[in-house]
Amino acid sequence: MTSTTAIKRPENRWRHDPQLPLLAIDEPPPYAVVNPDGRSPYLLLCEHASNRIPRALGDLGLPESERRRHIAWDIGVSALAQYLSQTLDAPLFMANYSRLVIDCNRPLGAPTAIPEVSETTMVPGNLDLSDAEKANRVDNLFKPFANAISRRLDLRQAEGRRTLVVGIHSFTPVYFGNTRPWQAGILYRDAEPFARSLIRSLSADSDLTIGDNEPYNIHPDEDYTVPVHADGRGLPGALIEVRHDLIDTLAGVNHWGACLTRCLETALEECPE
């Protein structure tokens, strides 16, 4: 009879022994796919759809008030992305776990991929992680999401289907004490004609201030979706950012969903294949 040494969990309730499963069998999988057979040229991604934390990681040492803030997810984007998936008839891939656990729109190895501090909030459950603990999150959450998107893009390209990659995001009205003037923004690098079409359509409403690579910009050292899934394949791609207080109600989601549907449909007409 072979003897075994019992595996001990770390003492902190938000630390996880990487030799043990990260997700229990009754927890959601790493990602969800909505409307997988949608016929739209658009492939929609929602990397920050959820503030869920695997039970094995407890609460990451954060109170509920922090876990409900924007640091844990992009408020409103799950509903907005699903609205767009329906109106555009577009496939949608959504990450099912919080970006505080691992950010599916960050390159592996970037300091913000598993943030020790988010804005001004320290995340105790992310401090002093071993390489094995980090790899456990990568293997169980990041890679399944990223690889599923890559497989779908491979298939679409093999079939010769026109494809544009769009990530749906939201941002805070105030960041580090600074009020942001934009209601929405379009983030891009290589796909300038596509992004310009979206900016032009949104800016047609004189009441809106639309950010051109604001409130952020795309950089390969800090972003994954556009550099890898879009620019890296020679596909048009951009992130759409909407201020989260504008989409935290059903009425707001319906308003911005209808607006963005029109803009995205216009971009298909204006941008050559």
# chains A, B, ... in the order shown; residues from 1 in each chain; ligands from 1
call {"tool": "select_by_dssp", "arguments": {"residues": "stretch 142-253 of chain A", "states": "alpha helix (DSSP H)", "output": "PyMOL selection string"}}
result
chain A and resi 143-158+192-203+250-253
call {"tool": "write_last_selection", "arguments": {"atoms": "N, CA and C atoms", "output": "mmCIF file, in the first residue's frame"}}
result
data_model
loop_
_atom_site.group_PDB
_atom_site.id
_atom_site.type_symbol
_atom_site.label_atom_id
_atom_site.label_comp_id
_atom_site.auth_asym_id
_atom_site.auth_seq_id
_atom_site.Cartn_x
_atom_site.Cartn_y
_atom_site.Cartn_z
ATOM 1 N N LYS A 143 -6.456 30.624 -20.210
ATOM 2 C CA LYS A 143 -6.235 29.862 -21.443
ATOM 3 C C LYS A 143 -7.517 29.273 -22.032
ATOM 4 N N PRO A 144 -8.423 28.714 -21.230
ATOM 5 C CA PRO A 144 -9.657 28.202 -21.834
ATOM 6 C C PRO A 144 -10.417 29.274 -22.605
ATOM 7 N N PHE A 145 -10.496 30.489 -22.056
ATOM 8 C CA PHE A 145 -11.193 31.589 -22.731
ATOM 9 C C PHE A 145 -10.455 32.000 -23.997
ATOM 10 N N ALA A 146 -9.161 32.262 -23.872
ATOM 11 C CA ALA A 146 -8.373 32.711 -25.026
ATOM 12 C C ALA A 146 -8.335 31.653 -26.124
ATOM 13 N N ASN A 147 -8.176 30.395 -25.748
ATOM 14 C CA ASN A 147 -8.081 29.325 -26.744
ATOM 15 C C ASN A 147 -9.409 29.089 -27.450
ATOM 16 N N ALA A 148 -10.518 29.243 -26.727
ATOM 17 C CA ALA A 148 -11.828 29.073 -27.363
ATOM 18 C C ALA A 148 -12.048 30.143 -28.428
ATOM 19 N N ILE A 149 -11.640 31.366 -28.136
ATOM 20 C CA ILE A 149 -11.762 32.445 -29.115
ATOM 21 C C ILE A 149 -10.860 32.172 -30.314
ATOM 22 N N SER A 150 -9.645 31.729 -30.052
ATOM 23 C CA SER A 150 -8.715 31.425 -31.149
ATOM 24 C C SER A 150 -9.261 30.326 -32.050
ATOM 25 N N ARG A 151 -9.847 29.298 -31.455
ATOM 26 C CA ARG A 151 -10.416 28.216 -32.265
ATOM 27 C C ARG A 151 -11.557 28.739 -33.136
ATOM 28 N N ARG A 152 -12.398 29.594 -32.574
ATOM 29 C CA ARG A 152 -13.501 30.131 -33.362
ATOM 30 C C ARG A 152 -12.995 31.016 -34.499
ATOM 31 N N LEU A 153 -11.976 31.809 -34.229
ATOM 32 C CA LEU A 153 -11.399 32.645 -35.282
ATOM 33 C C LEU A 153 -10.728 31.795 -36.355
ATOM 34 N N ASP A 154 -10.029 30.739 -35.949
ATOM 35 C CA ASP A 154 -9.432 29.816 -36.919
ATOM 36 C C ASP A 154 -10.506 29.257 -37.845
ATOM 37 N N LEU A 155 -11.621 28.843 -37.275
ATOM 38 C CA LEU A 155 -12.707 28.260 -38.057
ATOM 39 C C LEU A 155 -13.297 29.273 -39.019
ATOM 40 N N ARG A 156 -13.548 30.479 -38.527
ATOM 41 C CA ARG A 156 -14.133 31.508 -39.394
ATOM 42 C C ARG A 156 -13.190 31.855 -40.537
ATOM 43 N N GLN A 157 -11.913 31.955 -40.236
ATOM 44 C CA GLN A 157 -10.960 32.285 -41.300
ATOM 45 C C GLN A 157 -10.833 31.130 -42.289
ATOM 46 N N ALA A 158 -10.870 29.883 -41.800
ATOM 47 C CA ALA A 158 -10.807 28.731 -42.697
ATOM 48 C C ALA A 158 -12.022 28.687 -43.620
ATOM 49 N N GLU A 192 -7.790 51.479 -38.050
ATOM 50 C CA GLU A 192 -8.221 52.876 -37.981
ATOM 51 C C GLU A 192 -9.500 53.155 -38.782
ATOM 52 N N PRO A 193 -9.645 52.659 -40.012
ATOM 53 C CA PRO A 193 -10.896 52.952 -40.740
ATOM 54 C C PRO A 193 -12.136 52.462 -39.994
ATOM 55 N N PHE A 194 -12.068 51.267 -39.424
ATOM 56 C CA PHE A 194 -13.183 50.720 -38.667
ATOM 57 C C PHE A 194 -13.462 51.582 -37.441
ATOM 58 N N ALA A 195 -12.424 51.922 -36.700
ATOM 59 C CA ALA A 195 -12.601 52.739 -35.496
ATOM 60 C C ALA A 195 -13.127 54.120 -35.844
ATOM 61 N N ARG A 196 -12.622 54.709 -36.920
ATOM 62 C CA ARG A 196 -13.084 56.045 -37.325
ATOM 63 C C ARG A 196 -14.569 56.030 -37.666
ATOM 64 N N SER A 197 -15.026 54.969 -38.271
ATOM 65 C CA SER A 197 -16.445 54.866 -38.591
ATOM 66 C C SER A 197 -17.283 54.857 -37.315
ATOM 67 N N LEU A 198 -16.859 54.089 -36.320
ATOM 68 C CA LEU A 198 -17.599 54.037 -35.060
ATOM 69 C C LEU A 198 -17.585 55.396 -34.359
ATOM 70 N N ILE A 199 -16.424 56.035 -34.323
ATOM 71 C CA ILE A 199 -16.313 57.346 -33.679
ATOM 72 C C ILE A 199 -17.184 58.371 -34.391
ATOM 73 N N ARG A 200 -17.153 58.341 -35.711
ATOM 74 C CA ARG A 200 -17.948 59.288 -36.498
ATOM 75 C C ARG A 200 -19.446 59.091 -36.244
ATOM 76 N N SER A 201 -19.891 57.846 -36.223
ATOM 77 C CA SER A 201 -21.309 57.574 -36.004
ATOM 78 C C SER A 201 -21.749 58.006 -34.609
ATOM 79 N N LEU A 202 -20.949 57.690 -33.604
ATOM 80 C CA LEU A 202 -21.306 58.066 -32.242
ATOM 81 C C LEU A 202 -21.270 59.581 -32.047
ATOM 82 N N SER A 203 -20.332 60.242 -32.713
ATOM 83 C CA SER A 203 -20.176 61.690 -32.563
ATOM 84 C C SER A 203 -21.260 62.471 -33.292
ATOM 85 N N LEU A 250 -31.639 48.841 -16.979
ATOM 86 C CA LEU A 250 -32.167 48.255 -18.208
ATOM 87 C C LEU A 250 -32.409 49.315 -19.259
ATOM 88 N N ALA A 251 -32.934 50.467 -18.849
ATOM 89 C CA ALA A 251 -33.178 51.548 -19.808
ATOM 90 C C ALA A 251 -31.874 52.001 -20.458
ATOM 91 N N GLY A 252 -30.827 52.117 -19.660
ATOM 92 C CA GLY A 252 -29.539 52.526 -20.204
ATOM 93 C C GLY A 252 -28.969 51.510 -21.172
ATOM 94 N N VAL A 253 -29.081 50.233 -20.820
ATOM 95 C CA VAL A 253 -28.606 49.171 -21.720
ATOM 96 C C VAL A 253 -29.374 49.207 -23.032
#
call {"tool": "closest_atom_pairs", "arguments": {"of": "stretch 48-154 of chain A", "to": "stretch 264-270 of chain A", "cutoff": "12 Å", "atoms": "only C-alpha atoms", "output": "tab-separated table"}}
result
residue	atom	partner	partner_atom	distance
A:Leu84	CA	A:Leu264	CA	9.5
A:Ser85	CA	A:Leu264	CA	11.6
A:Thr87	CA	A:Glu265	CA	10.1
A:Leu88	CA	A:Glu265	CA	7.9
A:Asp89	CA	A:Glu265	CA	11.3
A:Ala90	CA	A:Leu264	CA	11.3
call {"tool": "write_last_selection", "arguments": {"atoms": "N, CA and C atoms", "output": "PDB file, in the first residue's frame"}}
result
ATOM      1  N   LEU A  84     -26.325  43.294 -27.791  1.00  0.00           N
ATOM      2  CA  LEU A  84     -25.701  43.403 -29.111  1.00  0.00           C
ATOM      3  C   LEU A  84     -25.625  42.051 -29.810  1.00  0.00           C
ATOM      4  N   SER A  85     -25.365  41.006 -29.049  1.00  0.00           N
ATOM      5  CA  SER A  85     -25.335  39.671 -29.641  1.00  0.00           C
ATOM      6  C   SER A  85     -26.672  39.345 -30.295  1.00  0.00           C
ATOM      7  N   THR A  87     -29.179  41.649 -31.266  1.00  0.00           N
ATOM      8  CA  THR A  87     -29.585  42.549 -32.350  1.00  0.00           C
ATOM      9  C   THR A  87     -28.707  42.399 -33.594  1.00  0.00           C
ATOM     10  N   LEU A  88     -27.435  42.063 -33.405  1.00  0.00           N
ATOM     11  CA  LEU A  88     -26.520  41.890 -34.532  1.00  0.00           C
ATOM     12  C   LEU A  88     -26.476  40.451 -35.044  1.00  0.00           C
ATOM     13  N   ASP A  89     -27.060  39.524 -34.274  1.00  0.00           N
ATOM     14  CA  ASP A  89     -26.947  38.087 -34.534  1.00  0.00           C
ATOM     15  C   ASP A  89     -25.471  37.683 -34.547  1.00  0.00           C
ATOM     16  N   ALA A  90     -24.774  38.074 -33.467  1.00  0.00           N
ATOM     17  CA  ALA A  90     -23.325  37.868 -33.377  1.00  0.00           C
ATOM     18  C   ALA A  90     -22.971  36.902 -32.265  1.00  0.00           C
TER      19      ALA A  90
END
call {"tool": "closest_residue", "arguments": {"among": "A:Asp131, A:Asp221, A:Asp212, A:Asp139", "to": "A:Pro107", "atoms": "only C-alpha atoms"}}
result
A:Asp221
call {"tool": "atom_distance", "arguments": {"atom1": "atom CA of A:Pro41", "atom2": "atom CA of A:His169"}}
result
19.4 Å
call {"tool": "residues_around", "arguments": {"residues": "A:Tyr42", "least_positions_apart": "3", "cutoff": "6 Å", "atoms": "only C-alpha atoms", "output": "PyMOL selection string"}}
result
chain A and resi 90+163-165
call {"tool": "write_last_selection", "arguments": {"atoms": "C-alpha atoms", "output": "mmCIF file, in the first residue's frame"}}
result
data_model
loop_
_atom_site.group_PDB
_atom_site.id
_atom_site.type_symbol
_atom_site.label_atom_id
_atom_site.label_comp_id
_atom_site.auth_asym_id
_atom_site.auth_seq_id
_atom_site.Cartn_x
_atom_site.Cartn_y
_atom_site.Cartn_z
ATOM 1 C CA ALA A 90 -23.325 37.868 -33.377
ATOM 2 C CA THR A 163 -14.794 38.776 -39.224
ATOM 3 C CA LEU A 164 -14.463 41.886 -37.071
ATOM 4 C CA VAL A 165 -13.504 41.528 -33.405
#
call {"tool": "closest_atom_pairs", "arguments": {"of": "stretch 127-235 of chain A", "to": "stretch 108-112 of chain A", "cutoff": "10 Å", "atoms": "only C-alpha atoms", "output": "Markdown table"}}
result
| residue | atom | partner | partner_atom | distance |
| --- | --- | --- | --- | --- |
| A:Lys134 | CA | A:Gly109 | CA | 9.6 |
| A:Ala135 | CA | A:Leu108 | CA | 9.8 |
| A:Val138 | CA | A:Leu108 | CA | 8.0 |
| A:Phe142 | CA | A:Leu108 | CA | 8.9 |
| A:Lys143 | CA | A:Leu108 | CA | 9.9 |
| A:Asp221 | CA | A:Ala110 | CA | 6.9 |
| A:Glu222 | CA | A:Ala110 | CA | 6.6 |
| A:Asp223 | CA | A:Ala110 | CA | 9.1 |
| A:Tyr224 | CA | A:Leu108 | CA | 8.7 |
call {"tool": "write_last_selection", "arguments": {"atoms": "N, CA and C atoms", "output": "PDB file, in the first residue's frame"}}
result
ATOM      1  N   LYS A 134      -0.033  31.270  -9.778  1.00  0.00           N
ATOM      2  CA  LYS A 134      -0.347  32.069 -10.963  1.00  0.00           C
ATOM      3  C   LYS A 134      -0.666  31.162 -12.153  1.00  0.00           C
ATOM      4  N   ALA A 135       0.145  30.129 -12.333  1.00  0.00           N
ATOM      5  CA  ALA A 135      -0.069  29.209 -13.453  1.00  0.00           C
ATOM      6  C   ALA A 135      -1.405  28.501 -13.337  1.00  0.00           C
ATOM      7  N   VAL A 138      -3.938  30.825 -14.715  1.00  0.00           N
ATOM      8  CA  VAL A 138      -3.763  30.899 -16.175  1.00  0.00           C
ATOM      9  C   VAL A 138      -4.357  29.674 -16.848  1.00  0.00           C
ATOM     10  N   PHE A 142      -7.679  31.725 -17.815  1.00  0.00           N
ATOM     11  CA  PHE A 142      -7.250  32.530 -18.956  1.00  0.00           C
ATOM     12  C   PHE A 142      -7.175  31.716 -20.249  1.00  0.00           C
ATOM     13  N   LYS A 143      -6.456  30.624 -20.210  1.00  0.00           N
ATOM     14  CA  LYS A 143      -6.235  29.862 -21.443  1.00  0.00           C
ATOM     15  C   LYS A 143      -7.517  29.273 -22.032  1.00  0.00           C
ATOM     16  N   ASP A 221       1.756  45.598 -24.601  1.00  0.00           N
ATOM     17  CA  ASP A 221       2.237  45.230 -23.269  1.00  0.00           C
ATOM     18  C   ASP A 221       1.128  45.254 -22.217  1.00  0.00           C
ATOM     19  N   GLU A 222      -0.011  45.860 -22.558  1.00  0.00           N
ATOM     20  CA  GLU A 222      -1.078  46.033 -21.580  1.00  0.00           C
ATOM     21  C   GLU A 222      -2.421  45.452 -22.033  1.00  0.00           C
ATOM     22  N   ASP A 223      -2.526  45.046 -23.309  1.00  0.00           N
ATOM     23  CA  ASP A 223      -3.794  44.551 -23.844  1.00  0.00           C
ATOM     24  C   ASP A 223      -3.576  43.233 -24.573  1.00  0.00           C
ATOM     25  N   TYR A 224      -4.626  42.433 -24.601  1.00  0.00           N
ATOM     26  CA  TYR A 224      -4.558  41.131 -25.256  1.00  0.00           C
ATOM     27  C   TYR A 224      -5.531  41.017 -26.432  1.00  0.00           C
TER      28      TYR A 224
END
call {"tool": "closest_residue", "arguments": {"among": "A:Arg262, A:Arg137, A:Arg161, A:Arg189", "to": "A:Pro236", "atoms": "only C-alpha atoms"}}
result
A:Arg189
call {"tool": "closest_residue", "arguments": {"among": "A:Cys46, A:Phe171, A:Pro181, A:Tyr83", "to": "A:Cys259", "atoms": "only C-alpha atoms"}}
result
A:Tyr83
call {"tool": "closest_residue", "arguments": {"among": "A:Ile75, A:Ala95, A:Ala49, A:Ala81", "to": "A:Ala32", "atoms": "only C-alpha atoms"}}
result
A:Ala95
call {"tool": "decode", "arguments": {"residues": "stretch 72-89 of chain A", "atoms": "N, CA, C and O atoms", "output": "short mmCIF file (atom, residue, chain, number, x, y, z; two decimals), in the first residue's frame"}}
result
data_model
loop_
_atom_site.label_atom_id
_atom_site.label_comp_id
_atom_site.auth_asym_id
_atom_site.auth_seq_id
_atom_site.Cartn_x
_atom_site.Cartn_y
_atom_site.Cartn_z
N ALA A 72 -13.62 45.06 -9.94
CA ALA A 72 -13.81 43.62 -10.06
C ALA A 72 -14.40 43.20 -11.40
O ALA A 72 -14.26 42.04 -11.80
N TRP A 73 -15.05 44.15 -12.11
CA TRP A 73 -15.71 43.82 -13.38
C TRP A 73 -16.06 45.12 -14.09
O TRP A 73 -15.89 46.20 -13.55
N ASP A 74 -16.54 45.00 -15.31
CA ASP A 74 -17.04 46.16 -16.03
C ASP A 74 -18.55 46.20 -15.87
O ASP A 74 -19.28 45.40 -16.48
N ILE A 75 -19.00 47.12 -15.03
CA ILE A 75 -20.41 47.21 -14.70
C ILE A 75 -21.25 47.45 -15.95
O ILE A 75 -20.92 48.31 -16.78
N GLY A 76 -22.30 46.66 -16.12
CA GLY A 76 -23.25 46.85 -17.22
C GLY A 76 -22.92 46.14 -18.51
O GLY A 76 -23.78 46.02 -19.38
N VAL A 77 -21.70 45.63 -18.65
CA VAL A 77 -21.31 45.13 -19.98
C VAL A 77 -21.90 43.76 -20.31
O VAL A 77 -22.09 43.45 -21.49
N SER A 78 -22.17 42.95 -19.31
CA SER A 78 -22.77 41.65 -19.61
C SER A 78 -24.10 41.83 -20.32
O SER A 78 -24.37 41.22 -21.36
N ALA A 79 -24.95 42.70 -19.76
CA ALA A 79 -26.26 42.95 -20.38
C ALA A 79 -26.11 43.62 -21.74
O ALA A 79 -26.81 43.28 -22.70
N LEU A 80 -25.19 44.59 -21.83
CA LEU A 80 -25.00 45.30 -23.10
C LEU A 80 -24.49 44.36 -24.18
O LEU A 80 -24.96 44.39 -25.33
N ALA A 81 -23.52 43.53 -23.85
CA ALA A 81 -22.97 42.60 -24.83
C ALA A 81 -24.02 41.61 -25.31
O ALA A 81 -24.09 41.27 -26.51
N GLN A 82 -24.85 41.13 -24.40
CA GLN A 82 -25.91 40.19 -24.79
C GLN A 82 -26.97 40.86 -25.65
O GLN A 82 -27.52 40.25 -26.57
N TYR A 83 -27.24 42.13 -25.38
CA TYR A 83 -28.15 42.90 -26.24
C TYR A 83 -27.59 42.95 -27.66
O TYR A 83 -28.30 42.69 -28.63
N LEU A 84 -26.32 43.29 -27.79
CA LEU A 84 -25.70 43.40 -29.11
C LEU A 84 -25.62 42.05 -29.81
O LEU A 84 -25.80 41.96 -31.03
N SER A 85 -25.36 41.01 -29.05
CA SER A 85 -25.34 39.67 -29.64
C SER A 85 -26.67 39.34 -30.30
O SER A 85 -26.72 38.77 -31.39
N GLN A 86 -27.76 39.74 -29.64
CA GLN A 86 -29.09 39.46 -30.18
C GLN A 86 -29.41 40.34 -31.39
O GLN A 86 -29.86 39.85 -32.42
N THR A 87 -29.18 41.65 -31.27
CA THR A 87 -29.59 42.55 -32.35
C THR A 87 -28.71 42.40 -33.59
O THR A 87 -29.18 42.58 -34.72
N LEU A 88 -27.43 42.06 -33.41
CA LEU A 88 -26.52 41.89 -34.53
C LEU A 88 -26.48 40.45 -35.04
O LEU A 88 -25.91 40.19 -36.09
N ASP A 89 -27.06 39.52 -34.27
CA ASP A 89 -26.95 38.09 -34.53
C ASP A 89 -25.47 37.68 -34.55
O ASP A 89 -24.97 37.05 -35.48
#
